[in-house]
Amino acid sequence: AHHHSSPEGAIEVDESEVDLDAISAQSLRLVRSILMLIALLSVIVLWSEIHSAFGFLENISLWDVTSTVQGVESLEPITLGAVLIAILVFIITTQLVRNLPALLELAILQHLDLTPGTGYAITTITKYLLMLIGGLVGFSMIGIEWSKLQWLVAALGVGLGFGLQEIFANFISGLIILFEKPIRIGDTVTIRDLTGSVTKINTRATTISDWDRKEIIVPNKAFITEQFINWSLSDS
């Protein structure tokens, strides 16, 4: 950061530059997202063609899984084709998680009269839903069904009871913040004797920039369980 003799002018120039950079980066992201989604759509549309061309992969069995249908256990082969489809599902999911929120934001959310926090909440929850759906579909392709994942969920539950408790509490607090909006991006807040403006609200922690431009990371749980002052809310 350069210190000019006229700080006001310098700050204005900086901000306009940042805005231009941000806008061009955003439009670049939008173009990339659109191209990515077009590619994904064409794969889905041409799926029957691709599937028949690579039909022989369905005959290559890699391992067997026992599946229970209406109380009857049967062995089901997991084929090379199924594994490749599962990998494709994971790739599509990661691409959607990366590109769809930007597309949502630029194509739809910008035109709705939403506060930055609400838009962020919608894109964040869209991301988690996509990850969950993609994960379940991908795992079921390779024979790992919900019944087999239950022990993992149980183990995670025990983990949450110990080490992950704080992280989980912050994650839930992050979702509460995004929906209840006790703080929003751009608000000036005072918490734990720190005063600054909110620059980022992530699922685990919130970033506050103080007057010296230092970034302070505050766990989300603090905004739910502790007292804080939101100067912007009292102003508005």
# chains A, B, ... in the order shown; residues from 1 in each chain; ligands from 1
$ residues_around --residues "stretch 52-56 of chain A" --least-positions-apart "3" --cutoff "12 Å" --atoms "only C-alpha atoms" --output "PDB file with N, CA and C atoms, in the first residue's frame"
ATOM      1  N   LEU A  46     -26.200 -36.341 -25.092  1.00  0.00           N
ATOM      2  CA  LEU A  46     -25.639 -37.392 -25.958  1.00  0.00           C
ATOM      3  C   LEU A  46     -25.374 -38.692 -25.193  1.00  0.00           C
ATOM      4  N   TRP A  47     -25.936 -38.765 -23.957  1.00  0.00           N
ATOM      5  CA  TRP A  47     -25.609 -39.892 -23.087  1.00  0.00           C
ATOM      6  C   TRP A  47     -25.904 -41.247 -23.724  1.00  0.00           C
ATOM      7  N   SER A  48     -27.076 -41.400 -24.371  1.00  0.00           N
ATOM      8  CA  SER A  48     -27.440 -42.713 -24.935  1.00  0.00           C
ATOM      9  C   SER A  48     -26.431 -43.138 -26.012  1.00  0.00           C
ATOM     10  N   GLU A  49     -25.973 -42.146 -26.814  1.00  0.00           N
ATOM     11  CA  GLU A  49     -24.963 -42.450 -27.852  1.00  0.00           C
ATOM     12  C   GLU A  49     -23.667 -42.941 -27.198  1.00  0.00           C
ATOM     13  N   ASN A  59     -19.672 -55.030 -19.315  1.00  0.00           N
ATOM     14  CA  ASN A  59     -19.435 -56.476 -19.174  1.00  0.00           C
ATOM     15  C   ASN A  59     -18.218 -56.774 -18.305  1.00  0.00           C
ATOM     16  N   ILE A  60     -17.430 -55.736 -18.003  1.00  0.00           N
ATOM     17  CA  ILE A  60     -16.226 -55.951 -17.197  1.00  0.00           C
ATOM     18  C   ILE A  60     -16.587 -55.741 -15.731  1.00  0.00           C
ATOM     19  N   SER A  61     -16.672 -56.853 -14.999  1.00  0.00           N
ATOM     20  CA  SER A  61     -17.061 -56.764 -13.588  1.00  0.00           C
ATOM     21  C   SER A  61     -15.814 -56.616 -12.720  1.00  0.00           C
ATOM     22  N   THR A  79     -19.567 -52.900 -12.284  1.00  0.00           N
ATOM     23  CA  THR A  79     -18.802 -52.975 -13.528  1.00  0.00           C
ATOM     24  C   THR A  79     -17.900 -51.757 -13.684  1.00  0.00           C
ATOM     25  N   LEU A  80     -16.952 -51.900 -14.607  1.00  0.00           N
ATOM     26  CA  LEU A  80     -16.046 -50.793 -14.925  1.00  0.00           C
ATOM     27  C   LEU A  80     -16.859 -49.588 -15.399  1.00  0.00           C
ATOM     28  N   GLY A  81     -17.914 -49.876 -16.155  1.00  0.00           N
ATOM     29  CA  GLY A  81     -18.795 -48.804 -16.644  1.00  0.00           C
ATOM     30  C   GLY A  81     -19.392 -48.003 -15.498  1.00  0.00           C
ATOM     31  N   ALA A  82     -19.879 -48.742 -14.471  1.00  0.00           N
ATOM     32  CA  ALA A  82     -20.504 -48.077 -13.318  1.00  0.00           C
ATOM     33  C   ALA A  82     -19.501 -47.195 -12.586  1.00  0.00           C
ATOM     34  N   LEU A  84     -16.800 -45.787 -13.872  1.00  0.00           N
ATOM     35  CA  LEU A  84     -16.510 -44.608 -14.706  1.00  0.00           C
ATOM     36  C   LEU A  84     -17.647 -43.593 -14.626  1.00  0.00           C
ATOM     37  N   ILE A  85     -18.899 -44.095 -14.593  1.00  0.00           N
ATOM     38  CA  ILE A  85     -20.051 -43.184 -14.474  1.00  0.00           C
ATOM     39  C   ILE A  85     -19.994 -42.469 -13.124  1.00  0.00           C
TER      40      ILE A  85
END
$ select_by_dssp --residues "stretch 41-144 of chain A" --states "strand (DSSP E)" --output "count of residues only"
17
$ atom_distance --atom1 "atom CA of A:Glu76" --atom2 "atom CA of A:Val89"
20.2 Å
$ select_by_dssp --residues "stretch 74-149 of chain A" --states "alpha helix (DSSP H)" --output "VMD selection string"
chain A and resid 80 to 107 116 to 141 146 to 149
$ atom_distance --atom1 "atom CA of A:Tyr120" --atom2 "atom CA of A:Phe139"
28.4 Å
$ atom_distance --atom1 "atom CA of A:Val72" --atom2 "atom CA of A:Gly135"
26.0 Å
$ closest_residue --among "A:Gly119, A:Ile108, A:Ser24, A:Leu88" --to "A:Ile44" --atoms "only C-alpha atoms"
A:Leu88
$ residues_around --residues "A:Ala169" --least-positions-apart "6" --cutoff "9 Å" --atoms "only C-alpha atoms" --output "ChimeraX atom specification"
/A:204,220-221
$ write_last_selection --atoms "N, CA and C atoms" --output "mmCIF file, in the first residue's frame"
data_model
loop_
_atom_site.group_PDB
_atom_site.id
_atom_site.type_symbol
_atom_site.label_atom_id
_atom_site.label_comp_id
_atom_site.auth_asym_id
_atom_site.auth_seq_id
_atom_site.Cartn_x
_atom_site.Cartn_y
_atom_site.Cartn_z
ATOM 1 N N ARG A 204 -17.600 -21.233 8.537
ATOM 2 C CA ARG A 204 -16.966 -21.526 9.826
ATOM 3 C C ARG A 204 -16.665 -20.264 10.620
ATOM 4 N N ASN A 220 -17.847 -18.104 14.037
ATOM 5 C CA ASN A 220 -19.273 -17.733 13.933
ATOM 6 C C ASN A 220 -20.036 -17.911 15.239
ATOM 7 N N LYS A 221 -19.592 -18.902 16.046
ATOM 8 C CA LYS A 221 -20.304 -19.201 17.286
ATOM 9 C C LYS A 221 -20.370 -17.964 18.185
#
